[in-house]
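Engineer: Contents of entry.csv (CSV, C-alpha atoms):
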chain,number,residue,atom,x,y,z
A,1,MET,CA,34.9,5.3,17.6
A,2,LYS,CA,35.3,8.6,19.2
A,3,THR,CA,36.4,7.2,22.5
A,4,ASN,CA,39.9,6.0,23.3
A,5,PRO,CA,40.1,2.3,24.2
A,6,GLY,CA,43.8,2.6,24.8
A,7,ARG,CA,46.6,1.0,22.9
A,8,TYR,CA,47.3,-2.8,23.1
A,9,PHE,CA,50.7,-4.3,22.7
A,10,GLU,CA,50.4,-5.0,19.0
A,11,ASP,CA,49.6,-1.3,18.4
A,12,PHE,CA,53.1,-0.1,19.2
A,13,ARG,CA,56.0,0.4,16.8
A,14,ILE,CA,59.6,0.7,17.7
A,15,GLY,CA,60.8,4.2,16.7
A,16,GLU,CA,57.4,5.9,16.8
A,17,THR,CA,57.0,9.2,18.7
A,18,ILE,CA,53.8,9.9,20.7
A,19,ARG,CA,52.9,13.4,21.7
A,20,HIS,CA,50.6,13.3,24.7
A,21,ALA,CA,47.6,15.3,25.8
A,22,THR,CA,46.9,17.3,28.0
A,23,PRO,CA,49.1,20.3,28.9
A,24,ARG,CA,49.1,20.9,32.6
A,25,THR,CA,49.9,24.1,34.5
A,26,VAL,CA,51.2,23.1,37.9
A,27,THR,CA,50.5,25.5,40.8
A,28,ALA,CA,51.2,26.0,44.5
A,29,ALA,CA,47.9,24.2,45.1
A,30,ASP,CA,49.3,21.1,43.5
A,31,GLY,CA,52.4,21.3,45.8
A,32,ALA,CA,50.2,21.7,48.9
A,33,LEU,CA,48.0,18.8,47.9
A,34,TYR,CA,51.2,16.7,47.3
A,35,THR,CA,52.3,17.5,50.8
A,36,ALA,CA,48.9,16.6,52.2
A,37,LEU,CA,49.1,13.2,50.5
A,38,TYR,CA,52.6,12.2,51.4
A,39,GLY,CA,53.8,14.5,54.2
A,40,SER,CA,57.1,15.4,52.5
A,41,ARG,CA,59.1,17.8,54.7
A,42,PHE,CA,62.2,18.7,52.6
A,43,ALA,CA,62.8,22.4,53.4
A,44,VAL,CA,63.8,23.6,49.8
A,45,GLN,CA,60.4,22.5,48.4
A,46,SER,CA,58.5,23.5,51.5
A,47,ALA,CA,59.5,27.2,52.0
A,48,ASP,CA,60.0,30.1,49.6
A,49,ALA,CA,62.1,31.9,52.2
A,50,PHE,CA,64.5,28.9,52.7
A,51,ALA,CA,64.8,28.2,49.0
A,52,GLY,CA,65.3,31.9,48.2
A,53,SER,CA,68.1,32.2,50.8
A,54,ILE,CA,70.2,29.5,49.3
A,55,GLY,CA,69.9,30.5,45.6
A,56,TYR,CA,66.6,29.4,44.2
A,57,PRO,CA,64.2,32.1,42.9
A,58,GLY,CA,61.5,30.4,45.1
A,59,ALA,CA,60.5,27.0,46.3
A,60,PRO,CA,60.6,24.6,43.3
A,61,LEU,CA,57.9,21.9,43.1
A,62,ASP,CA,58.8,18.5,44.5
A,63,ASP,CA,60.8,16.6,41.9
A,64,LEU,CA,58.6,13.5,42.2
A,65,LEU,CA,55.4,15.6,41.7
A,66,VAL,CA,57.0,16.7,38.4
A,67,PHE,CA,57.8,13.1,37.6
A,68,HIS,CA,54.2,12.0,38.3
A,69,VAL,CA,52.6,14.7,36.3
A,70,VAL,CA,54.8,13.9,33.3
A,71,PHE,CA,54.2,10.2,33.8
A,72,GLY,CA,50.4,10.8,34.0
A,73,LYS,CA,50.5,12.5,30.6
A,74,SER,CA,51.8,9.2,29.0
A,75,VAL,CA,49.3,6.8,30.6
A,76,PRO,CA,46.4,7.1,28.1
A,77,ASP,CA,48.7,6.4,25.2
A,78,ILE,CA,51.1,3.9,26.8
A,79,SER,CA,49.6,2.1,29.7
A,80,LEU,CA,45.8,2.4,29.7
A,81,ASN,CA,45.7,-1.4,29.1
A,82,ALA,CA,48.6,-2.2,31.4
A,83,VAL,CA,48.8,-5.2,33.6
A,84,ALA,CA,51.5,-3.5,35.6
A,85,ASN,CA,54.2,-0.9,35.4
A,86,LEU,CA,57.5,-2.8,35.8
A,87,GLY,CA,60.4,-0.4,36.2
A,88,TYR,CA,62.4,2.7,35.4
A,89,ALA,CA,65.9,3.6,34.3
A,90,ASP,CA,68.1,6.5,33.0
A,91,GLY,CA,65.9,9.3,34.5
A,92,ARG,CA,67.4,12.8,34.8
A,93,PHE,CA,65.9,16.0,36.2
A,94,LEU,CA,67.0,18.7,33.8
A,95,GLN,CA,65.5,22.0,35.1
A,96,PRO,CA,63.6,23.0,38.2
A,97,VAL,CA,59.8,23.4,37.9
A,98,TYR,CA,58.0,26.2,39.7
A,99,PRO,CA,54.4,27.0,40.3
A,100,GLY,CA,52.9,28.5,37.2
A,101,ASP,CA,55.0,26.3,34.8
A,102,THR,CA,53.1,24.3,32.2
A,103,LEU,CA,54.2,20.7,31.5
A,104,THR,CA,53.7,18.6,28.4
A,105,ALA,CA,55.2,15.2,27.5
A,106,VAL,CA,56.4,13.2,24.5
A,107,SER,CA,57.3,9.5,24.4
A,108,ASP,CA,59.5,7.5,22.0
A,109,VAL,CA,58.9,3.7,21.8
A,110,ILE,CA,62.4,2.2,22.2
A,111,GLY,CA,61.6,-1.5,22.8
A,112,LEU,CA,59.0,-4.3,22.4
A,113,LYS,CA,59.1,-7.9,23.6
A,114,GLU,CA,56.1,-10.3,23.5
A,115,ASN,CA,55.7,-12.5,26.6
A,116,SER,CA,55.6,-16.3,26.2
A,117,ASN,CA,52.0,-16.5,27.2
A,118,ARG,CA,51.1,-14.6,24.0
A,119,GLN,CA,48.6,-12.5,26.0
A,120,THR,CA,50.8,-9.6,27.0
A,121,GLY,CA,54.0,-7.9,26.0
A,122,ILE,CA,56.6,-5.5,27.4
A,123,VAL,CA,56.6,-1.9,26.0
A,124,HIS,CA,59.7,0.2,26.6
A,125,VAL,CA,59.5,4.0,26.2
A,126,ARG,CA,61.6,7.1,26.8
A,127,THR,CA,59.4,9.9,28.0
A,128,THR,CA,60.5,13.6,28.1
A,129,GLY,CA,58.6,16.4,29.9
A,130,PHE,CA,58.8,19.9,28.7
A,131,ASN,CA,58.0,23.3,30.2
A,132,GLN,CA,56.0,26.1,28.4
A,133,HIS,CA,59.2,27.3,26.8
A,134,GLY,CA,59.9,24.0,25.1
A,135,ALA,CA,62.8,23.2,27.5
A,136,PRO,CA,63.1,19.7,28.7
A,137,VAL,CA,62.7,19.4,32.5
A,138,LEU,CA,62.7,15.6,32.9
A,139,GLU,CA,63.6,12.5,30.9
A,140,TYR,CA,63.3,8.9,31.9
A,141,CYS,CA,62.7,5.4,30.5
A,142,ARG,CA,60.2,2.9,31.8
A,143,TRP,CA,58.8,-0.5,30.8
A,144,VAL,CA,55.3,-1.7,31.2
A,145,MET,CA,53.4,-4.9,30.7
A,146,VAL,CA,50.5,-4.3,28.3
A,147,ARG,CA,47.7,-6.6,27.3
A,148,LYS,CA,47.3,-7.8,23.7
A,149,LEU,CA,43.9,-7.5,22.0
A,150,SER,CA,44.6,-10.6,19.9
A,151,GLU,CA,46.6,-13.5,21.0
A,152,ALA,CA,47.5,-14.2,17.4
A,153,ALA,CA,48.9,-10.8,16.8
A,154,ARG,CA,52.7,-10.4,16.6
A,155,PRO,CA,54.9,-7.3,17.1
A,156,HIS,CA,56.3,-5.8,13.9
A,157,ARG,CA,59.8,-6.0,15.4
A,158,GLU,CA,61.1,-7.0,18.8
A,159,GLU,CA,64.0,-5.4,20.6
A,160,VAL,CA,65.0,-4.9,24.2
A,161,PRO,CA,66.9,-1.6,24.7
A,162,SER,CA,70.2,-1.5,26.4
A,163,LEU,CA,70.0,1.0,29.3
A,164,PRO,CA,72.7,2.1,31.7
A,165,ASP,CA,72.9,0.7,35.2
A,166,ALA,CA,73.2,4.2,36.6
A,167,VAL,CA,73.3,7.9,35.5
A,168,GLN,CA,76.8,9.2,35.7
A,169,PRO,CA,77.6,11.9,38.3
A,170,ALA,CA,78.8,14.2,35.6
A,171,SER,CA,75.2,14.4,34.3
A,172,LEU,CA,73.8,15.4,37.7
A,173,GLY,CA,72.9,18.9,39.0
A,174,LEU,CA,71.4,20.5,35.9
A,175,ALA,CA,68.2,21.2,37.9
A,176,CYS,CA,70.0,22.7,40.9
A,177,PRO,CA,71.3,26.3,40.9
A,178,PRO,CA,74.5,27.1,42.8
A,179,ILE,CA,73.7,26.8,46.5
A,180,ASP,CA,74.9,29.3,49.1
A,181,LEU,CA,76.2,27.0,51.9
A,182,LYS,CA,76.5,29.9,54.4
A,183,ALA,CA,72.8,30.4,54.1
A,184,TRP,CA,71.9,26.7,54.5
A,185,ASP,CA,70.4,26.4,58.0
A,186,ASP,CA,70.7,22.8,59.4
A,187,GLU,CA,68.2,23.5,62.2
A,188,LEU,CA,65.5,24.6,59.7
A,189,SER,CA,66.3,21.8,57.2
A,190,GLY,CA,65.9,19.3,60.0
A,191,SER,CA,69.3,17.6,60.1
A,192,PRO,CA,73.0,18.4,60.9
A,193,TYR,CA,74.2,15.6,58.5
A,194,ARG,CA,75.6,16.8,55.2
A,195,PHE,CA,77.5,15.1,52.4
A,196,GLY,CA,80.6,14.2,54.5
A,197,ALA,CA,78.5,12.4,57.1
A,198,TYR,CA,77.4,9.6,54.7
A,199,ALA,CA,79.5,6.7,53.5
A,200,ALA,CA,78.9,3.9,50.9
A,201,GLY,CA,77.4,0.8,52.6
A,202,GLU,CA,75.6,2.8,55.3
A,203,ARG,CA,72.0,1.6,56.0
A,204,ILE,CA,69.3,3.8,57.5
A,205,ASP,CA,66.0,2.6,58.9
A,206,HIS,CA,63.6,5.5,58.3
A,207,VAL,CA,61.5,4.2,61.3
A,208,ASP,CA,58.1,5.7,60.5
A,209,GLY,CA,55.2,4.0,58.7
A,210,MET,CA,52.3,5.3,56.8
A,211,THR,CA,49.0,3.5,56.1
A,212,VAL,CA,47.5,4.0,52.7
A,213,GLU,CA,43.8,4.7,52.4
A,214,GLU,CA,41.6,4.0,49.4
A,215,ALA,CA,40.5,7.6,48.9
A,216,GLU,CA,44.0,9.2,49.1
A,217,HIS,CA,45.7,6.9,46.5
A,218,GLN,CA,42.8,7.6,44.0
A,219,LEU,CA,43.0,11.3,44.7
A,220,ALA,CA,46.8,11.3,44.1
A,221,THR,CA,46.4,9.4,40.8
A,222,ARG,CA,43.7,11.8,39.7
A,223,LEU,CA,46.0,14.7,40.6
A,224,TYR,CA,48.5,13.4,38.0
A,225,GLN,CA,45.7,12.7,35.4
A,226,ASN,CA,46.7,9.1,35.4
A,227,THR,CA,43.8,7.2,33.8
A,228,ALA,CA,45.1,3.6,34.1
A,229,LYS,CA,42.1,1.3,34.7
A,230,VAL,CA,43.9,-0.9,37.2
A,231,HIS,CA,43.9,2.0,39.7
A,232,PHE,CA,40.2,3.1,39.4
A,233,ASP,CA,37.8,0.5,38.1
A,234,ALA,CA,36.9,-1.7,41.1
A,235,HIS,CA,34.3,-3.6,39.1
A,236,ALA,CA,36.8,-4.6,36.4
A,237,ALA,CA,39.4,-5.4,39.0
A,238,THR,CA,37.3,-8.2,40.4
A,239,GLY,CA,38.2,-10.2,37.3
A,240,THR,CA,42.0,-9.8,37.8
A,241,ARG,CA,44.3,-12.2,39.7
A,242,PHE,CA,44.3,-9.7,42.6
A,243,GLY,CA,40.5,-9.1,42.6
A,244,ARG,CA,40.9,-5.4,43.6
A,245,ARG,CA,42.4,-2.1,42.5
A,246,LEU,CA,46.2,-1.7,42.5
A,247,ILE,CA,47.8,1.4,44.0
A,248,TYR,CA,49.8,3.4,41.5
A,249,GLY,CA,53.5,2.5,41.9
A,250,GLY,CA,54.5,6.1,41.9
A,251,HIS,CA,52.4,6.6,45.0
A,252,VAL,CA,54.7,4.1,46.7
A,253,ILE,CA,57.8,5.9,45.5
A,254,SER,CA,56.5,9.2,46.9
A,255,LEU,CA,55.6,7.6,50.2
A,256,ALA,CA,59.1,6.0,50.5
A,257,ARG,CA,60.8,9.3,49.6
A,258,ALA,CA,58.7,11.2,52.2
A,259,LEU,CA,59.5,8.6,54.8
A,260,SER,CA,63.3,9.0,54.0
A,261,PHE,CA,63.3,12.5,55.4
A,262,ASN,CA,63.9,10.8,58.8
A,263,GLY,CA,67.6,10.1,58.2
A,264,LEU,CA,68.1,12.0,54.9
A,265,ALA,CA,66.6,15.4,55.6
A,266,ASN,CA,69.3,17.3,53.8
A,267,ALA,CA,69.2,15.2,50.6
A,268,PHE,CA,66.9,17.8,49.2
A,269,HIS,CA,66.9,17.2,45.4
A,270,VAL,CA,66.2,14.0,43.5
A,271,ALA,CA,68.7,14.5,40.6
A,272,ALA,CA,68.3,11.2,38.7
A,273,ILE,CA,66.6,7.9,38.7
A,274,ASN,CA,69.0,5.0,38.1
A,275,GLY,CA,66.5,2.2,38.3
A,276,GLY,CA,63.4,1.1,40.0
A,277,ARG,CA,61.3,-2.0,40.3
A,278,HIS,CA,57.8,-2.6,41.7
A,279,VAL,CA,58.5,-5.9,43.3
A,280,ALA,CA,54.9,-6.6,44.6
A,281,PRO,CA,51.6,-4.8,44.6
A,282,LEU,CA,50.3,-2.5,47.3
A,283,PHE,CA,46.6,-2.3,48.4
A,284,ALA,CA,44.6,0.1,50.4
A,285,GLY,CA,44.9,-0.7,54.1
A,286,ASP,CA,48.5,-1.7,53.9
A,287,THR,CA,51.2,0.2,55.8
A,288,VAL,CA,54.4,1.3,54.1
A,289,TYR,CA,57.8,1.4,55.7
A,290,ALA,CA,61.1,2.2,54.2
A,291,TRP,CA,64.9,1.9,54.6
A,292,SER,CA,67.8,3.1,52.5
A,293,GLU,CA,71.3,2.1,51.7
A,294,ILE,CA,74.0,4.5,50.5
A,295,LEU,CA,75.4,2.8,47.4
A,296,GLU,CA,77.9,5.5,46.5
A,297,THR,CA,78.9,9.0,47.2
A,298,ALA,CA,80.2,11.3,44.4
A,299,ASP,CA,81.6,14.7,43.7
A,300,LEU,CA,80.0,16.7,40.9
A,301,PRO,CA,82.4,18.3,38.4
A,302,GLY,CA,82.7,22.0,39.0
A,303,ARG,CA,80.4,21.9,42.1
A,304,LEU,CA,81.8,22.7,45.5
A,305,ASP,CA,78.4,23.4,47.0
A,306,VAL,CA,76.7,20.0,46.8
A,307,GLY,CA,77.7,16.4,46.5
A,308,ALA,CA,75.6,13.4,45.3
A,309,LEU,CA,74.4,10.4,47.2
A,310,ARG,CA,73.4,7.3,45.3
A,311,ILE,CA,70.6,5.9,47.4
A,312,ARG,CA,68.8,2.6,47.2
A,313,THR,CA,65.5,2.8,49.0
A,314,ILE,CA,63.5,-0.3,49.8
A,315,ALA,CA,59.8,0.0,50.7
A,316,THR,CA,57.9,-2.7,52.5
A,317,LYS,CA,54.3,-3.3,53.4
A,318,ASN,CA,53.1,-4.2,56.9
A,319,GLN,CA,56.8,-4.9,57.9
A,320,PRO,CA,58.9,-2.4,59.8
A,321,CYS,CA,62.5,-2.2,58.5
A,322,THR,CA,64.5,-2.7,61.6
A,323,ASP,CA,66.1,-5.8,60.0
A,324,PHE,CA,66.5,-4.2,56.6
A,325,PRO,CA,64.4,-6.7,54.5
A,326,GLY,CA,65.5,-6.7,50.9
A,327,ARG,CA,66.9,-9.2,48.4
A,328,THR,CA,67.2,-12.9,49.3
A,329,GLU,CA,68.5,-15.9,47.5
A,330,GLY,CA,65.1,-16.6,46.0
A,331,GLY,CA,64.4,-13.0,45.1
A,332,TYR,CA,63.0,-10.6,47.7
A,333,HIS,CA,61.7,-10.7,51.2
A,334,PRO,CA,57.9,-11.2,50.9
A,335,ALA,CA,57.2,-7.8,52.4
A,336,VAL,CA,59.2,-5.8,49.8
A,337,ILE,CA,57.1,-3.8,47.4
A,338,LEU,CA,59.7,-1.3,45.9
A,339,ASP,CA,63.4,-1.3,45.1
A,340,PHE,CA,64.3,2.3,44.0
A,341,ASP,CA,67.8,3.4,43.1
A,342,TYR,CA,68.3,7.2,42.7
A,343,TRP,CA,70.8,10.1,43.0
A,344,ALA,CA,70.0,12.9,45.5
A,345,LEU,CA,72.0,16.1,46.0
A,346,ILE,CA,73.0,17.2,49.5
A,347,PRO,CA,74.9,20.2,50.7
A,348,ARG,CA,78.6,19.9,51.6
Take the structure in the file and write it out as structure tokens.

Structural biologist:
Amino acid sequence: MKTNPGRYFEDFRIGETIRHATPRTVTAADGALYTALYGSRFAVQSADAFAGSIGYPGAPLDDLLVFHVVFGKSVPDISLNAVANLGYADGRFLQPVYPGDTLTAVSDVIGLKENSNRQTGIVHVRTTGFNQHGAPVLEYCRWVMVRKLSEAARPHREEVPSLPDAVQPASLGLACPPIDLKAWDDELSGSPYRFGAYAAGERIDHVDGMTVEEAEHQLATRLYQNTAKVHFDAHAATGTRFGRRLIYGGHVISLARALSFNGLANAFHVAAINGGRHVAPLFAGDTVYAWSEILETADLPGRLDVGALRIRTIATKNQPCTDFPGRTEGGYHPAVILDFDYWALIPR
């Protein structure tokens, strides 16, 4: 066979390294299209003049755009036959990425666990994205439920990796140059609220909602060269338990992050991903809302220019977040689709 049918659960081996195709040069056009898809308004990623005034050589590409492009590289080798992408942990942004940089990706298989139904299994990988100089720009772990080709097949070895609950603050800030606080303009950034204005336990309803259209989520997933069948093949999807295409989970993350501007406008840089869970599927026609809780505030060693907010953002579908729907005794409020825990840097 010259075509790629994708790997099934039994094809993975703990300890193997997978080098992914295809190198991708990211451009200002990618950044503009990303803005068109999600409406992100963070000033550092939106304006060369703003970014240059505070210490960047120019506007970096949105952190989550970088995440999605690196993620997309891994899909043909990791999750082409996925049932669902389940979660993330231990993600760190290591260098800023600018228009003109070329990204590649490599994944290490760090865990395998067969499900009791013998039809699927969970694959854990650690994926690293590199720029054209071979320098790592992003590293994260994820786990995905993958179909088995043969119900009788067994994994060569099973192991569930131990992952940290959160990235430590001392590891943050590698992708953020020193910031000139005198040049930071609160009016242009969209908010007067800096690091000292936020406290652990604070909740913020981001108010706005955004309805997802069929064309835009497929355009976004193609932008990242993500080839997962569950997002594109409507004919095949009729035979699944949902009977329709699933929207890529990263699309939900970017929508929630863009919505969070209303309340967190100065939290300009996603520095780390502590954990994330896609609680329920999202479909075209649904409207996404979001709210955030400040879990922790932290100083960064040797940095007097920025502090870190540990943020837990909850996204819902067809349910405004006035009442902060989230975890319940039985699991989650039925409207919740995403529970995302990350560190963001914000000026002092």

Engineer: Select, from A:Pro347, A:Val144, A:His251, A:Phe242, the residue with the minimum atom-to-atom distance to Pro192 (chain A), counting all atoms listed in the file.

Structural biologist: A:Pro347

Engineer: Residues within 10 Å of Ser189 (chain A), please, as an mmCIF file with C-alpha atoms, keeping the file's coordinate frame. Count all atoms listed in the file; anything in the same chain fewer than 5 positions from it doesn't count.

Structural biologist:
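Output saved as result-v6.cif:
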data_model
loop_
_atom_site.group_PDB
_atom_site.id
_atom_site.type_symbol
_atom_site.label_atom_id
_atom_site.label_comp_id
_atom_site.auth_asym_id
_atom_site.auth_seq_id
_atom_site.Cartn_x
_atom_site.Cartn_y
_atom_site.Cartn_z
ATOM 1 C CA ARG A 41 59.100 17.800 54.700
ATOM 2 C CA PHE A 42 62.200 18.700 52.600
ATOM 3 C CA ALA A 43 62.800 22.400 53.400
ATOM 4 C CA VAL A 44 63.800 23.600 49.800
ATOM 5 C CA SER A 46 58.500 23.500 51.500
ATOM 6 C CA PHE A 50 64.500 28.900 52.700
ATOM 7 C CA TRP A 184 71.900 26.700 54.500
ATOM 8 C CA PHE A 261 63.300 12.500 55.400
ATOM 9 C CA ALA A 265 66.600 15.400 55.600
ATOM 10 C CA ASN A 266 69.300 17.300 53.800
ATOM 11 C CA ALA A 267 69.200 15.200 50.600
ATOM 12 C CA PHE A 268 66.900 17.800 49.200
#

Engineer: Provide the CA of Gly190 (chain A) to CA of Asn262 (chain A) distance in Å, to one decimal place.

Structural biologist: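 CA of Gly190 (chain A) sits 8.8 Å away from CA of Asn262 (chain A).
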
Engineer: Show me, as a list in words, the residues that have an atom within 8 Å of region 327-342 of chain A when counting only C-alpha atoms, minus same-chain residues fewer than 4 positions from it.

Structural biologist: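 Counting only the stated atoms, we get Val252, Ile253, Val270, Ala271, Ala272, Ile273, Asn274, Gly275, Gly276, Arg277, His278, Val279, Ala280, Pro281, Leu282, Arg310, Ile311, Arg312, Thr313, Ile314, Ala315, Thr316, Lys317, Asn318 and Gln319 of chain A.
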
Engineer: Please dump the current selection as an mmCIF file, in the frame of the given file; keep C-alpha atoms.

Structural biologist:
data_model
loop_
_atom_site.group_PDB
_atom_site.id
_atom_site.type_symbol
_atom_site.label_atom_id
_atom_site.label_comp_id
_atom_site.auth_asym_id
_atom_site.auth_seq_id
_atom_site.Cartn_x
_atom_site.Cartn_y
_atom_site.Cartn_z
ATOM 1 C CA VAL A 252 54.700 4.100 46.700
ATOM 2 C CA ILE A 253 57.800 5.900 45.500
ATOM 3 C CA VAL A 270 66.200 14.000 43.500
ATOM 4 C CA ALA A 271 68.700 14.500 40.600
ATOM 5 C CA ALA A 272 68.300 11.200 38.700
ATOM 6 C CA ILE A 273 66.600 7.900 38.700
ATOM 7 C CA ASN A 274 69.000 5.000 38.100
ATOM 8 C CA GLY A 275 66.500 2.200 38.300
ATOM 9 C CA GLY A 276 63.400 1.100 40.000
ATOM 10 C CA ARG A 277 61.300 -2.000 40.300
ATOM 11 C CA HIS A 278 57.800 -2.600 41.700
ATOM 12 C CA VAL A 279 58.500 -5.900 43.300
ATOM 13 C CA ALA A 280 54.900 -6.600 44.600
ATOM 14 C CA PRO A 281 51.600 -4.800 44.600
ATOM 15 C CA LEU A 282 50.300 -2.500 47.300
ATOM 16 C CA ARG A 310 73.400 7.300 45.300
ATOM 17 C CA ILE A 311 70.600 5.900 47.400
ATOM 18 C CA ARG A 312 68.800 2.600 47.200
ATOM 19 C CA THR A 313 65.500 2.800 49.000
ATOM 20 C CA ILE A 314 63.500 -0.300 49.800
ATOM 21 C CA ALA A 315 59.800 0.000 50.700
ATOM 22 C CA THR A 316 57.900 -2.700 52.500
ATOM 23 C CA LYS A 317 54.300 -3.300 53.400
ATOM 24 C CA ASN A 318 53.100 -4.200 56.900
ATOM 25 C CA GLN A 319 56.800 -4.900 57.900
#

Engineer: I need the residue nearest Leu295 (chain A) from this list: A:Ala228, A:Ala199, A:Leu255, A:Leu33. Use only C-alpha atoms for the distance.

Structural biologist: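 The closest residue to Leu295 (chain A) is A:Ala199.
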
Engineer: Between CA of Tyr8 (chain A) and CA of Arg244 (chain A), measure the distance and give it in Å to one decimal.

Structural biologist: 21.6 Å

Engineer: Could you please determine the separation between CA of His206 (chain A) and CA of Tyr224 (chain A) in Å, to one decimal place?

Structural biologist: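 CA of Tyr224 (chain A) lies 26.5 Å from CA of His206 (chain A).
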
Engineer: Considering all atoms listed in the file, can you say which of A:Thr102, A:Asn85, A:Ser150, A:Ser260 comes closest to Val125 (chain A)?

Structural biologist: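 Ranked by minimum distance to Val125 (chain A), first place goes to A:Asn85.
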
Engineer: Counting only C-alpha atoms, which of A:Asp63, A:Glu293, A:Asp186, A:Asp323 gets nearest to Ile204 (chain A)?

Structural biologist: A:Glu293

Engineer: Could you name the residues that touch Phe232 (chain A) at 10 Å or less, counting all atoms listed in the file, but leaving out those on the same chain fewer than 6 positions away, as a JSON list (two decimals) with C-alpha atoms, keeping the file's coordinate frame?

Structural biologist:
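The file below, selection25.json, is the result:
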[["chain", "number", "residue", "atom", "x", "y", "z"],
["A", 217, "HIS", "CA", 45.70, 6.90, 46.50],
["A", 218, "GLN", "CA", 42.80, 7.60, 44.00],
["A", 221, "THR", "CA", 46.40, 9.40, 40.80],
["A", 222, "ARG", "CA", 43.70, 11.80, 39.70],
["A", 226, "ASN", "CA", 46.70, 9.10, 35.40],
["A", 244, "ARG", "CA", 40.90, -5.40, 43.60],
["A", 245, "ARG", "CA", 42.40, -2.10, 42.50],
["A", 246, "LEU", "CA", 46.20, -1.70, 42.50],
["A", 247, "ILE", "CA", 47.80, 1.40, 44.00],
["A", 248, "TYR", "CA", 49.80, 3.40, 41.50]]

Engineer: Point out the residue among A:Ala135, A:Leu304, A:Ile110, A:Ala290 with the least atom-to-atom distance to Val123 (chain A), counting only C-alpha atoms.

Structural biologist: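 Residue with the minimum atom-to-atom distance to Val123 (chain A): A:Ile110.
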
Engineer: Compare A:Ile78, A:Val207, A:Ala36, A:Ile54 by their minimum atom-to-atom distance to Val288 (chain A), counting all atoms listed in the file, and give me the closest one.

Structural biologist: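 Ranked by minimum distance to Val288 (chain A), first place goes to A:Val207.
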
Engineer: Using all atoms listed in the file, which protein or nucleic acid residues come within 12 Å of Tyr140 (chain A)? Drop anything in the same chain fewer than 2 positions from it, and give the result as a PyMOL selection string.

Structural biologist: chain A and resi 66-68+70-71+74+87-94+105-108+110+124-129+136-138+142-143+163-164+166-167+271-276

Engineer: Neighbouring residues of Gly307 (chain A) were defined as those with any atom within 9 Å, considering only C-alpha atoms; residues of the same chain fewer than 5 positions away were excluded. Please report them as a list in words.

Structural biologist: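 In the requested form, the answer reads Arg194, Phe195, Gly196, Thr297, Ala298, Asp299, Leu300, Ala344, Leu345, Ile346, Pro347 and Arg348 of chain A.
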